[in-house]
>>> print(open('protein_9.pdb').read())   # PDB, C-alpha atoms
MODEL        1
ATOM      1  CA  MET A 127     -28.977  14.816 -10.343
ATOM      2  CA  ASN A 128     -25.300  15.010 -11.184
ATOM      3  CA  LEU A 129     -24.170  11.822 -12.860
ATOM      4  CA  ALA A 130     -20.441  12.509 -12.723
ATOM      5  CA  LEU A 131     -18.350  10.424 -10.338
ATOM      6  CA  LYS A 132     -17.113  12.612  -7.494
ATOM      7  CA  ALA A 133     -13.576  11.664  -6.629
ATOM      8  CA  ALA A 134     -10.888  13.092  -4.372
ATOM      9  CA  VAL A 135      -7.183  12.460  -4.885
ATOM     10  CA  VAL A 136      -5.133  12.821  -1.705
ATOM     11  CA  VAL A 137      -1.828  14.649  -2.131
ATOM     12  CA  PHE A 138       1.008  13.706   0.204
ATOM     13  CA  PRO A 139       4.426  15.357   0.113
ATOM     14  CA  GLY A 140       6.478  13.130  -2.168
ATOM     15  CA  ALA A 141       3.506  11.783  -4.112
ATOM     16  CA  ASN A 142       4.277  11.855  -7.823
ATOM     17  CA  CYS A 143       1.311  10.138  -9.485
ATOM     18  CA  ASP A 144      -1.414  12.370  -8.051
ATOM     19  CA  ARG A 145      -1.943  14.406 -11.218
ATOM     20  CA  ASP A 146      -1.752  11.346 -13.494
ATOM     21  CA  LEU A 147      -4.419   9.734 -11.326
ATOM     22  CA  ALA A 148      -6.611  12.849 -11.519
ATOM     23  CA  CYS A 149      -6.195  12.887 -15.330
ATOM     24  CA  ALA A 150      -7.239   9.245 -15.644
ATOM     25  CA  LEU A 151     -10.286   9.823 -13.424
ATOM     26  CA  LYS A 152     -11.279  12.949 -15.376
ATOM     27  CA  ALA A 153     -10.898  11.076 -18.654
ATOM     28  CA  ALA A 154     -13.451   8.597 -17.287
ATOM     29  CA  GLY A 155     -15.844  11.485 -16.621
ATOM     30  CA  ALA A 156     -15.130  12.098 -12.933
ATOM     31  CA  GLN A 157     -15.139  15.429 -11.130
ATOM     32  CA  VAL A 158     -11.887  15.396  -9.218
ATOM     33  CA  SER A 159     -10.785  17.461  -6.258
ATOM     34  CA  MET A 160      -7.292  17.355  -4.822
ATOM     35  CA  VAL A 161      -7.126  17.015  -1.038
ATOM     36  CA  TRP A 162      -4.041  17.996   0.962
ATOM     37  CA  HIS A 163      -2.706  15.522   3.519
ATOM     38  CA  LYS A 164      -3.131  18.023   6.358
ATOM     39  CA  ASP A 165      -6.846  18.460   5.679
ATOM     40  CA  THR A 166      -9.043  16.908   8.328
ATOM     41  CA  ASP A 167     -12.186  16.692   6.214
ATOM     42  CA  LEU A 168     -12.985  15.326   2.779
ATOM     43  CA  PRO A 169     -15.251  17.188   0.354
ATOM     44  CA  ALA A 170     -18.932  16.314   0.855
ATOM     45  CA  GLY A 171     -20.746  13.813  -1.352
ATOM     46  CA  LEU A 172     -17.712  11.837  -2.557
ATOM     47  CA  ASP A 173     -18.023   8.517  -4.367
ATOM     48  CA  LEU A 174     -14.328   7.691  -4.329
ATOM     49  CA  VAL A 175     -11.102   8.583  -2.536
ATOM     50  CA  ALA A 176      -7.908   7.757  -4.426
ATOM     51  CA  LEU A 177      -4.430   7.544  -2.893
ATOM     52  CA  PRO A 178      -1.701   8.047  -5.492
ATOM     53  CA  GLY A 179       1.663   6.469  -6.080
ATOM     54  CA  GLY A 180       4.962   8.090  -5.262
ATOM     55  CA  PHE A 181       7.281   8.273  -2.305
ATOM     56  CA  SER A 182       5.226   9.945   0.408
ATOM     57  CA  PHE A 183       7.444  11.389   3.131
ATOM     58  CA  GLY A 184      10.466   9.981   1.324
ATOM     59  CA  ASP A 185       9.491   6.408   2.231
ATOM     60  CA  TYR A 186      10.988   7.164   5.657
ATOM     61  CA  LEU A 187      10.505   4.587   8.437
ATOM     62  CA  ARG A 188       8.472   2.257   6.173
ATOM     63  CA  CYS A 189       6.825   2.969   2.818
ATOM     64  CA  GLY A 190       3.475   4.643   3.505
ATOM     65  CA  ALA A 191       3.904   4.573   7.299
ATOM     66  CA  ILE A 192       4.010   8.329   7.874
ATOM     67  CA  ALA A 193       1.332   9.106   5.285
ATOM     68  CA  ALA A 194      -0.939   6.545   6.942
ATOM     69  CA  ARG A 195      -0.846   8.706  10.092
ATOM     70  CA  ALA A 196      -1.495  12.001   8.244
ATOM     71  CA  PRO A 197      -4.533  13.978   9.451
ATOM     72  CA  VAL A 198      -6.514  13.306   6.258
ATOM     73  CA  MET A 199      -6.277   9.545   6.739
ATOM     74  CA  ARG A 200      -8.636   9.667   9.709
ATOM     75  CA  ALA A 201     -11.272  11.126   7.373
ATOM     76  CA  VAL A 202     -10.422   8.500   4.745
ATOM     77  CA  ALA A 203     -10.831   5.706   7.319
ATOM     78  CA  ASP A 204     -14.207   7.159   8.366
ATOM     79  CA  PHE A 205     -15.229   7.356   4.699
ATOM     80  CA  ALA A 206     -14.260   3.699   4.216
ATOM     81  CA  ALA A 207     -16.132   2.736   7.400
ATOM     82  CA  ARG A 208     -19.263   4.354   5.959
ATOM     83  CA  GLY A 209     -18.886   2.094   2.910
ATOM     84  CA  GLY A 210     -17.062   4.548   0.665
ATOM     85  CA  HIS A 211     -14.843   3.321  -2.165
ATOM     86  CA  VAL A 212     -11.111   3.843  -1.727
ATOM     87  CA  LEU A 213      -8.432   3.118  -4.322
ATOM     88  CA  GLY A 214      -4.739   3.025  -3.437
ATOM     89  CA  ILE A 215      -2.166   2.616  -6.182
ATOM     90  CA  CYS A 216       1.460   1.666  -5.478
ATOM     91  CA  ASN A 217       2.461   3.952  -2.575
ATOM     92  CA  GLY A 218      -1.299   4.386  -2.031
ATOM     93  CA  PHE A 219      -1.539   0.605  -1.537
ATOM     94  CA  GLN A 220       1.320   0.790   0.969
ATOM     95  CA  VAL A 221      -0.565   3.549   2.815
ATOM     96  CA  LEU A 222      -3.727   1.402   2.916
ATOM     97  CA  VAL A 223      -1.969  -1.598   4.465
ATOM     98  CA  GLU A 224      -0.238   0.709   6.962
ATOM     99  CA  THR A 225      -3.617   2.132   8.041
ATOM    100  CA  GLY A 226      -5.035  -1.382   8.377
ATOM    101  CA  LEU A 227      -7.762  -0.721   5.793
ATOM    102  CA  LEU A 228      -6.298  -3.680   3.892
ATOM    103  CA  PRO A 229      -4.659  -6.794   5.363
ATOM    104  CA  GLY A 230      -1.040  -7.839   4.973
ATOM    105  CA  ALA A 231       2.104  -5.821   4.359
ATOM    106  CA  LEU A 232       4.307  -4.749   1.454
ATOM    107  CA  MET A 233       7.970  -5.481   1.822
ATOM    108  CA  ARG A 234      11.184  -4.970  -0.115
ATOM    109  CA  ASN A 235      11.058  -6.749  -3.501
ATOM    110  CA  ALA A 236      12.449 -10.273  -3.262
ATOM    111  CA  GLY A 237      15.102  -9.394  -5.859
ATOM    112  CA  LEU A 238      16.056  -6.255  -3.857
ATOM    113  CA  LYS A 239      15.852  -4.165  -7.010
ATOM    114  CA  PHE A 240      13.519  -1.358  -8.009
ATOM    115  CA  VAL A 241      11.387  -2.870 -10.770
ATOM    116  CA  CYS A 242      10.055  -0.608 -13.511
ATOM    117  CA  ARG A 243       8.389  -2.435 -16.397
ATOM    118  CA  ALA A 244       5.046  -3.656 -17.691
ATOM    119  CA  VAL A 245       3.776  -6.898 -16.172
ATOM    120  CA  ALA A 246       1.035  -9.305 -17.219
ATOM    121  CA  LEU A 247      -1.872  -9.520 -14.798
ATOM    122  CA  GLU A 248      -4.987 -11.605 -14.379
ATOM    123  CA  VAL A 249      -8.133  -9.819 -13.277
ATOM    124  CA  GLY A 250     -10.250 -11.371 -10.523
ATOM    125  CA  GLY A 251     -12.170 -10.167  -7.494
ATOM    126  CA  GLU A 252     -15.707  -8.985  -8.230
ATOM    127  CA  SER A 253     -15.829  -5.258  -7.428
ATOM    128  CA  ALA A 254     -16.626  -1.788  -8.746
ATOM    129  CA  PHE A 255     -12.953  -1.531  -9.691
ATOM    130  CA  THR A 256     -12.898  -4.642 -11.866
ATOM    131  CA  ARG A 257     -16.407  -4.723 -13.278
ATOM    132  CA  SER A 258     -15.412  -3.362 -16.701
ATOM    133  CA  TYR A 259     -12.942  -6.214 -17.188
ATOM    134  CA  ALA A 260     -13.938  -9.709 -18.193
ATOM    135  CA  ARG A 261     -13.315 -12.089 -15.324
ATOM    136  CA  GLY A 262      -9.891 -13.701 -15.740
ATOM    137  CA  ALA A 263      -8.924 -11.124 -18.384
ATOM    138  CA  ARG A 264      -5.190 -10.882 -19.110
ATOM    139  CA  ILE A 265      -4.009  -7.281 -19.094
ATOM    140  CA  ARG A 266      -0.659  -5.507 -18.972
ATOM    141  CA  LEU A 267       0.082  -2.634 -16.617
ATOM    142  CA  PRO A 268       3.307  -0.919 -15.612
ATOM    143  CA  VAL A 269       4.805  -1.461 -12.177
ATOM    144  CA  ALA A 270       7.423   0.847 -10.670
ATOM    145  CA  HIS A 271       8.344   0.040  -7.105
ATOM    146  CA  HIS A 272      11.010  -1.147  -4.700
ATOM    147  CA  ASP A 273       8.697  -2.409  -1.970
ATOM    148  CA  GLY A 274       5.871  -4.352  -3.562
ATOM    149  CA  CYS A 275       6.319  -7.835  -2.166
ATOM    150  CA  TYR A 276       2.911  -8.613  -0.670
ATOM    151  CA  ILE A 277       2.972 -10.798   2.395
ATOM    152  CA  ALA A 278       0.229 -11.925   4.751
ATOM    153  CA  PRO A 279      -0.273 -14.766   7.233
ATOM    154  CA  PRO A 280      -1.532 -18.071   5.727
ATOM    155  CA  GLU A 281      -5.047 -17.604   7.160
ATOM    156  CA  THR A 282      -5.306 -14.159   5.530
ATOM    157  CA  LEU A 283      -4.116 -15.520   2.184
ATOM    158  CA  ALA A 284      -6.712 -18.299   2.447
ATOM    159  CA  ALA A 285      -9.456 -15.742   3.202
ATOM    160  CA  LEU A 286      -8.398 -13.576   0.240
ATOM    161  CA  ARG A 287      -8.621 -16.633  -2.032
ATOM    162  CA  ASP A 288     -11.842 -18.033  -0.596
ATOM    163  CA  GLU A 289     -13.604 -14.664  -0.618
ATOM    164  CA  ASP A 290     -12.424 -13.810  -4.150
ATOM    165  CA  ARG A 291     -10.607 -10.718  -2.903
ATOM    166  CA  VAL A 292      -7.536 -10.897  -5.131
ATOM    167  CA  ALA A 293      -8.441  -8.220  -7.688
ATOM    168  CA  PHE A 294      -5.202  -8.545  -9.656
ATOM    169  CA  ARG A 295      -2.680 -11.353  -9.739
ATOM    170  CA  TYR A 296       0.669 -11.362 -11.530
ATOM    171  CA  ALA A 297       0.458 -13.818 -14.406
ATOM    172  CA  GLN A 298       2.383 -17.063 -14.088
ATOM    173  CA  GLY A 299       6.094 -16.401 -14.449
ATOM    174  CA  ASP A 300       5.679 -12.614 -14.259
ATOM    175  CA  ASN A 301       5.739 -11.955 -10.496
ATOM    176  CA  PRO A 302       8.155  -9.001 -10.332
ATOM    177  CA  ASN A 303       8.630  -8.826  -6.564
ATOM    178  CA  GLY A 304       8.048 -12.230  -4.942
ATOM    179  CA  SER A 305       4.541 -11.426  -3.686
ATOM    180  CA  MET A 306       2.829 -14.332  -1.951
ATOM    181  CA  ASP A 307       0.211 -15.995  -4.165
ATOM    182  CA  ALA A 308       1.414 -13.577  -6.886
ATOM    183  CA  ILE A 309      -0.911 -10.955  -5.393
ATOM    184  CA  ALA A 310      -0.791  -7.592  -7.159
ATOM    185  CA  GLY A 311      -4.009  -6.105  -5.774
ATOM    186  CA  VAL A 312      -6.371  -6.920  -2.901
ATOM    187  CA  LEU A 313      -9.882  -5.934  -1.894
ATOM    188  CA  SER A 314     -11.200  -5.259   1.595
ATOM    189  CA  ALA A 315     -13.815  -7.603   3.078
ATOM    190  CA  ASN A 316     -16.616  -5.271   1.890
ATOM    191  CA  ARG A 317     -14.951  -5.141  -1.592
ATOM    192  CA  ARG A 318     -14.891  -1.339  -1.564
ATOM    193  CA  VAL A 319     -11.247  -0.701  -0.766
ATOM    194  CA  LEU A 320      -8.707  -1.756  -3.393
ATOM    195  CA  GLY A 321      -4.944  -1.557  -3.119
ATOM    196  CA  MET A 322      -2.768  -2.475  -6.084
ATOM    197  CA  MET A 323       0.910  -2.129  -6.956
ATOM    198  CA  PRO A 324       0.534  -1.790 -10.776
ATOM    199  CA  HIS A 325      -0.311   1.641 -12.197
ATOM    200  CA  PRO A 326      -3.573   1.702 -14.204
ATOM    201  CA  GLU A 327      -3.339   5.515 -14.442
ATOM    202  CA  ARG A 328      -0.127   5.130 -16.453
ATOM    203  CA  ALA A 329      -1.950   2.977 -18.990
ATOM    204  CA  ALA A 330      -5.226   4.818 -19.513
ATOM    205  CA  ASP A 331      -4.536   6.991 -22.545
ATOM    206  CA  PRO A 332      -3.683   5.929 -26.117
ATOM    207  CA  ALA A 333      -0.831   8.449 -26.115
ATOM    208  CA  LEU A 334       0.856   6.345 -23.422
ATOM    209  CA  GLY A 335       0.883   3.278 -25.668
ATOM    210  CA  ASN A 336      -1.338   1.160 -23.434
ATOM    211  CA  THR A 337      -4.979   1.598 -22.409
ATOM    212  CA  ASP A 338      -5.421  -1.579 -20.346
ATOM    213  CA  GLY A 339      -5.881   0.518 -17.204
ATOM    214  CA  ALA A 340      -8.699   2.677 -18.557
ATOM    215  CA  ALA A 341     -11.407   0.097 -17.800
ATOM    216  CA  LEU A 342     -10.703   0.376 -14.084
ATOM    217  CA  PHE A 343     -11.618   4.054 -14.143
ATOM    218  CA  SER A 344     -14.563   3.670 -16.515
ATOM    219  CA  GLY A 345     -15.903   0.920 -14.249
ATOM    220  CA  LEU A 346     -15.723   3.287 -11.289
ATOM    221  CA  ALA A 347     -17.773   5.900 -13.146
ATOM    222  CA  GLY A 348     -20.810   3.712 -12.417
ATOM    223  CA  LEU A 349     -20.445   4.578  -8.717
ATOM    224  CA  ALA A 350     -21.910   8.001  -9.526
ATOM    225  CA  LEU A 351     -25.304   6.271  -9.734
ATOM    226  CA  THR A 352     -25.139   5.054  -6.147
ATOM    227  CA  ALA A 353     -25.682   7.145  -3.018
ATOM    228  CA  PRO A 354     -22.532   9.019  -1.961
ATOM    229  CA  CYS A 355     -20.874   8.125   1.346
TER     230      CYS A 355
ATOM    231  CA  MET B 207      16.098  10.512  29.205
ATOM    232  CA  LYS B 208      16.775   8.365  26.174
ATOM    233  CA  ALA B 209      15.011   5.348  24.760
ATOM    234  CA  ARG B 210      16.373   2.888  22.274
ATOM    235  CA  VAL B 211      13.880   0.992  20.127
ATOM    236  CA  THR B 212      14.983  -2.022  18.113
ATOM    237  CA  VAL B 213      12.588  -3.058  15.372
ATOM    238  CA  THR B 214      13.105  -6.433  13.745
ATOM    239  CA  LEU B 215      11.164  -8.626  11.369
ATOM    240  CA  LYS B 216       9.147 -11.369  13.009
ATOM    241  CA  PRO B 217      10.644 -14.848  12.772
ATOM    242  CA  GLY B 218       9.520 -16.502   9.558
ATOM    243  CA  VAL B 219       9.047 -13.240   7.651
ATOM    244  CA  LEU B 220      11.198 -13.358   4.536
ATOM    245  CA  ASP B 221      14.106 -10.916   4.832
ATOM    246  CA  PRO B 222      15.792 -10.591   1.424
ATOM    247  CA  GLN B 223      18.133  -7.876   2.740
ATOM    248  CA  GLY B 224      19.294 -10.138   5.564
ATOM    249  CA  ALA B 225      19.787 -12.958   3.064
ATOM    250  CA  ALA B 226      21.883 -10.670   0.849
ATOM    251  CA  ILE B 227      24.006  -9.664   3.848
ATOM    252  CA  ALA B 228      24.615 -13.322   4.759
ATOM    253  CA  GLN B 229      25.541 -14.070   1.154
ATOM    254  CA  ALA B 230      28.000 -11.156   1.050
ATOM    255  CA  LEU B 231      29.585 -12.292   4.322
ATOM    256  CA  HIS B 232      30.014 -15.791   2.891
ATOM    257  CA  ALA B 233      31.648 -14.256  -0.167
ATOM    258  CA  LEU B 234      34.119 -12.496   2.156
ATOM    259  CA  GLY B 235      35.039 -15.831   3.686
ATOM    260  CA  PHE B 236      32.956 -15.687   6.868
ATOM    261  CA  ALA B 237      31.766 -19.228   6.365
ATOM    262  CA  GLY B 238      30.362 -19.524   9.879
ATOM    263  CA  VAL B 239      27.453 -17.142   9.238
ATOM    264  CA  GLN B 240      24.313 -19.257   9.290
ATOM    265  CA  GLY B 241      21.968 -16.377   8.617
ATOM    266  CA  ALA B 242      21.442 -12.634   8.978
ATOM    267  CA  ARG B 243      18.391 -10.564   9.771
ATOM    268  CA  GLN B 244      18.287  -6.827   9.232
ATOM    269  CA  GLY B 245      16.334  -4.503  11.507
ATOM    270  CA  LYS B 246      16.421  -0.880  12.548
ATOM    271  CA  LEU B 247      17.420   1.102  15.585
ATOM    272  CA  ILE B 248      15.537   4.248  16.638
ATOM    273  CA  GLU B 249      16.891   6.465  19.423
ATOM    274  CA  LEU B 250      14.524   8.855  21.136
ATOM    275  CA  ASP B 251      15.255  11.828  23.383
ATOM    276  CA  LEU B 252      12.444  12.114  25.895
ATOM    277  CA  ASP B 253      11.174  14.603  28.460
ATOM    278  CA  GLY B 254      10.697  13.417  32.043
ATOM    279  CA  ASP B 255      12.662  11.165  34.383
ATOM    280  CA  ASP B 256      10.282   8.295  35.150
ATOM    281  CA  PRO B 257      11.554   5.185  33.367
ATOM    282  CA  ALA B 258       8.282   3.282  33.791
ATOM    283  CA  GLN B 259       6.291   6.117  32.261
ATOM    284  CA  ALA B 260       8.822   6.496  29.455
ATOM    285  CA  ARG B 261       8.621   2.790  28.685
ATOM    286  CA  ALA B 262       4.822   2.925  28.540
ATOM    287  CA  GLN B 263       4.952   5.915  26.218
ATOM    288  CA  VAL B 264       7.542   4.429  23.897
ATOM    289  CA  THR B 265       5.586   1.171  23.752
ATOM    290  CA  ALA B 266       2.542   3.175  22.627
ATOM    291  CA  MET B 267       4.729   4.863  19.989
ATOM    292  CA  CYS B 268       5.850   1.449  18.727
ATOM    293  CA  GLU B 269       2.286   0.197  18.466
ATOM    294  CA  LYS B 270       1.087   3.350  16.701
ATOM    295  CA  LEU B 271       3.960   4.120  14.354
ATOM    296  CA  LEU B 272       7.462   2.826  14.941
ATOM    297  CA  ALA B 273       6.749  -0.832  14.152
ATOM    298  CA  ASN B 274       4.333  -2.475  11.754
ATOM    299  CA  THR B 275       3.182  -5.262  14.033
ATOM    300  CA  VAL B 276       1.898  -7.262  11.060
ATOM    301  CA  ILE B 277       5.489  -8.070  10.152
ATOM    302  CA  GLU B 278       7.719  -6.611  12.861
ATOM    303  CA  THR B 279       8.448  -6.958  16.561
ATOM    304  CA  TYR B 280      10.126  -4.357  18.760
ATOM    305  CA  ALA B 281      12.144  -4.115  21.925
ATOM    306  CA  VAL B 282      12.269  -0.984  24.100
ATOM    307  CA  GLU B 283      15.271  -0.075  26.196
ATOM    308  CA  ILE B 284      15.296   2.981  28.483
ATOM    309  CA  VAL B 285      18.842   4.316  28.891
TER     310      VAL B 285
ENDMDL
END
>>> encode(input="protein_9.pdb", output="structure tokens")
Amino acid sequence: MNLALKAAVVVFPGANCDRDLACALKAAGAQVSMVWHKDTDLPAGLDLVALPGGFSFGDYLRCGAIAARAPVMRAVADFAARGGHVLGICNGFQVLVETGLLPGALMRNAGLKFVCRAVALEVGGESAFTRSYARGARIRLPVAHHDGCYIAPPETLAALRDEDRVAFRYAQGDNPNGSMDAIAGVLSANRRVLGMMPHPERAADPALGNTDGAALFSGLAGLALTAPC
Amino acid sequence: MKARVTVTLKPGVLDPQGAAIAQALHALGFAGVQGARQGKLIELDLDGDDPAQARAQVTAMCEKLLANTVIETYAVEIV
């Protein structure tokens, strides 16, 4: 039995965090394959599909809108429907809301500026992604986005709160984009799809000056022990 | 045949770009501007000459790609 996490990182034209994401997953012990956006199938026996940050298709039409309709996303949606774990970071989060795998939408930052800095976050939302963090832990991760303002109808926000599906929340006074309820990352109803604007892969190596993101990837390594989807 | 699709944010959805436009217009002395909303216009060149069919097709395009119906509404005009 192979105990390494089997992960695929989807590469869209304009993605720029795909290799960083693969590095962070490999550092946590994962076997990583890169999957091209035109592929119609995912490798067999995957534990995780990861959608990277960047500017897929130049952010044309709406951030993530074109990537969400790429051929590979049908396979990703099927994988999620089978109970597979999917992680979308930054532009990957935008792709996940555009596909409908996560609720809500990500809009232009309230301050209209591209924000690139580290923000303080609170960890919540019981999941494979957050299990290596203490509940309520305060961490710092970089954000780098122009369209990260999370919005959702009041009933969706209430469900996210009541079902403990806010995996990451901007700490009080550190909401960089005007997101409703200071939401930085949300889980799907089955808790297996996570979208988040902050970049854990940019804070997962001591050489980068911050390792607060490493626990997300080490937590995912435990998925290798479960049956692949 | 051409179609013109106007995509706008739903009422109530915060539009910081529209707010910035209104603010800039006020700064230019257009005091009568009560608010501004920014949207987008998409023009399509289409095969065929049946307006009803074109409208149905463009509506499907809006639902599938051109608008994010979580936050946006759209209007289709066949010209």
>>> residues_around(input="protein_9.pdb", residues="stretch 221-228 of chain B", least_positions_apart="6", cutoff="7 Å", atoms="only C-alpha atoms", output="VMD selection string")
(chain A and resid 236 238) or (chain B and resid 239 241 to 244)
>>> residues_around(input="protein_9.pdb", residues="B:Leu271", least_positions_apart="4", cutoff="8 Å", atoms="all atoms listed in the file", output="list in words")
Ala191, Ile192 and Arg195 of chain A; Met267 of chain B
>>> residues_around(input="protein_9.pdb", residues="A:Ser314", least_positions_apart="2", cutoff="9 Å", atoms="only C-alpha atoms", output="list in words")
Leu227, Leu228, Pro229, Leu286, Arg291, Val312, Asn316, Arg317, Arg318, Val319, Leu320 and Gly321 of chain A
>>> atom_distance(input="protein_9.pdb", atom1="atom CA of A:Thr337", atom2="atom CA of A:Arg234")
28.3 Å
>>> atom_distance(input="protein_9.pdb", atom1="atom CA of B:Ile284", atom2="atom CA of B:Asp253")
12.3 Å
>>> interface_residues(input="protein_9.pdb", of="chain A", to="chain B", cutoff="12 Å", atoms="all atoms listed in the file", output="count of residues only")
41
>>> atom_distance(input="protein_9.pdb", atom1="atom CA of A:Val269", atom2="atom CA of A:Ala244")
5.9 Å
>>> build_atoms(input="protein_9.pdb", residues="stretch 239-263 of chain B", atoms="N, CA and C atoms", output="tab-separated table (two decimals), in the frame of the given file")
chain	number	residue	atom	x	y	z
B	239	VAL	N	28.71	-17.88	9.13
B	239	VAL	CA	27.45	-17.14	9.24
B	239	VAL	C	26.30	-18.02	8.75
B	240	GLN	N	25.43	-18.38	9.67
B	240	GLN	CA	24.31	-19.26	9.29
B	240	GLN	C	23.14	-18.47	8.74
B	241	GLY	N	23.06	-17.21	9.12
B	241	GLY	CA	21.97	-16.38	8.62
B	241	GLY	C	22.12	-14.97	9.14
B	242	ALA	N	21.42	-14.02	8.51
B	242	ALA	CA	21.44	-12.63	8.98
B	242	ALA	C	20.04	-12.06	8.85
B	243	ARG	N	19.67	-11.26	9.81
B	243	ARG	CA	18.39	-10.56	9.77
B	243	ARG	C	18.68	-9.09	9.95
B	244	GLN	N	18.07	-8.26	9.12
B	244	GLN	CA	18.29	-6.83	9.23
B	244	GLN	C	17.10	-6.16	9.93
B	245	GLY	N	17.39	-5.26	10.85
B	245	GLY	CA	16.33	-4.50	11.51
B	245	GLY	C	16.70	-3.04	11.53
B	246	LYS	N	16.03	-2.28	12.41
B	246	LYS	CA	16.42	-0.88	12.55
B	246	LYS	C	16.43	-0.45	14.00
B	247	LEU	N	17.24	0.57	14.24
B	247	LEU	CA	17.42	1.10	15.58
B	247	LEU	C	16.93	2.55	15.59
B	248	ILE	N	16.06	2.87	16.54
B	248	ILE	CA	15.54	4.25	16.64
B	248	ILE	C	15.86	4.75	18.04
B	249	GLU	N	16.57	5.88	18.12
B	249	GLU	CA	16.89	6.46	19.42
B	249	GLU	C	16.01	7.68	19.64
B	250	LEU	N	15.44	7.76	20.81
B	250	LEU	CA	14.52	8.86	21.14
B	250	LEU	C	15.05	9.64	22.33
B	251	ASP	N	14.98	10.96	22.23
B	251	ASP	CA	15.26	11.83	23.38
B	251	ASP	C	13.92	12.20	23.98
B	252	LEU	N	13.76	11.94	25.28
B	252	LEU	CA	12.44	12.11	25.90
B	252	LEU	C	12.49	13.10	27.05
B	253	ASP	N	11.37	13.80	27.25
B	253	ASP	CA	11.17	14.60	28.46
B	253	ASP	C	10.92	13.66	29.64
B	254	GLY	N	11.08	14.17	30.85
B	254	GLY	CA	10.70	13.42	32.04
B	254	GLY	C	11.82	12.55	32.58
B	255	ASP	N	11.62	12.01	33.79
B	255	ASP	CA	12.66	11.16	34.38
B	255	ASP	C	12.09	9.91	35.04
B	256	ASP	N	10.90	9.51	34.61
B	256	ASP	CA	10.28	8.30	35.15
B	256	ASP	C	10.40	7.17	34.11
B	257	PRO	N	11.30	6.23	34.36
B	257	PRO	CA	11.55	5.18	33.37
B	257	PRO	C	10.30	4.37	33.03
B	258	ALA	N	9.47	4.11	34.04
B	258	ALA	CA	8.28	3.28	33.79
B	258	ALA	C	7.32	4.01	32.85
B	259	GLN	N	7.17	5.32	33.10
B	259	GLN	CA	6.29	6.12	32.26
B	259	GLN	C	6.85	6.21	30.83
B	260	ALA	N	8.18	6.40	30.77
B	260	ALA	CA	8.82	6.50	29.46
B	260	ALA	C	8.62	5.20	28.67
B	261	ARG	N	8.78	4.09	29.36
B	261	ARG	CA	8.62	2.79	28.68
B	261	ARG	C	7.19	2.64	28.15
B	262	ALA	N	6.22	3.04	28.97
B	262	ALA	CA	4.82	2.92	28.54
B	262	ALA	C	4.57	3.80	27.31
B	263	GLN	N	5.14	5.00	27.34
B	263	GLN	CA	4.95	5.92	26.22
B	263	GLN	C	5.60	5.40	24.95
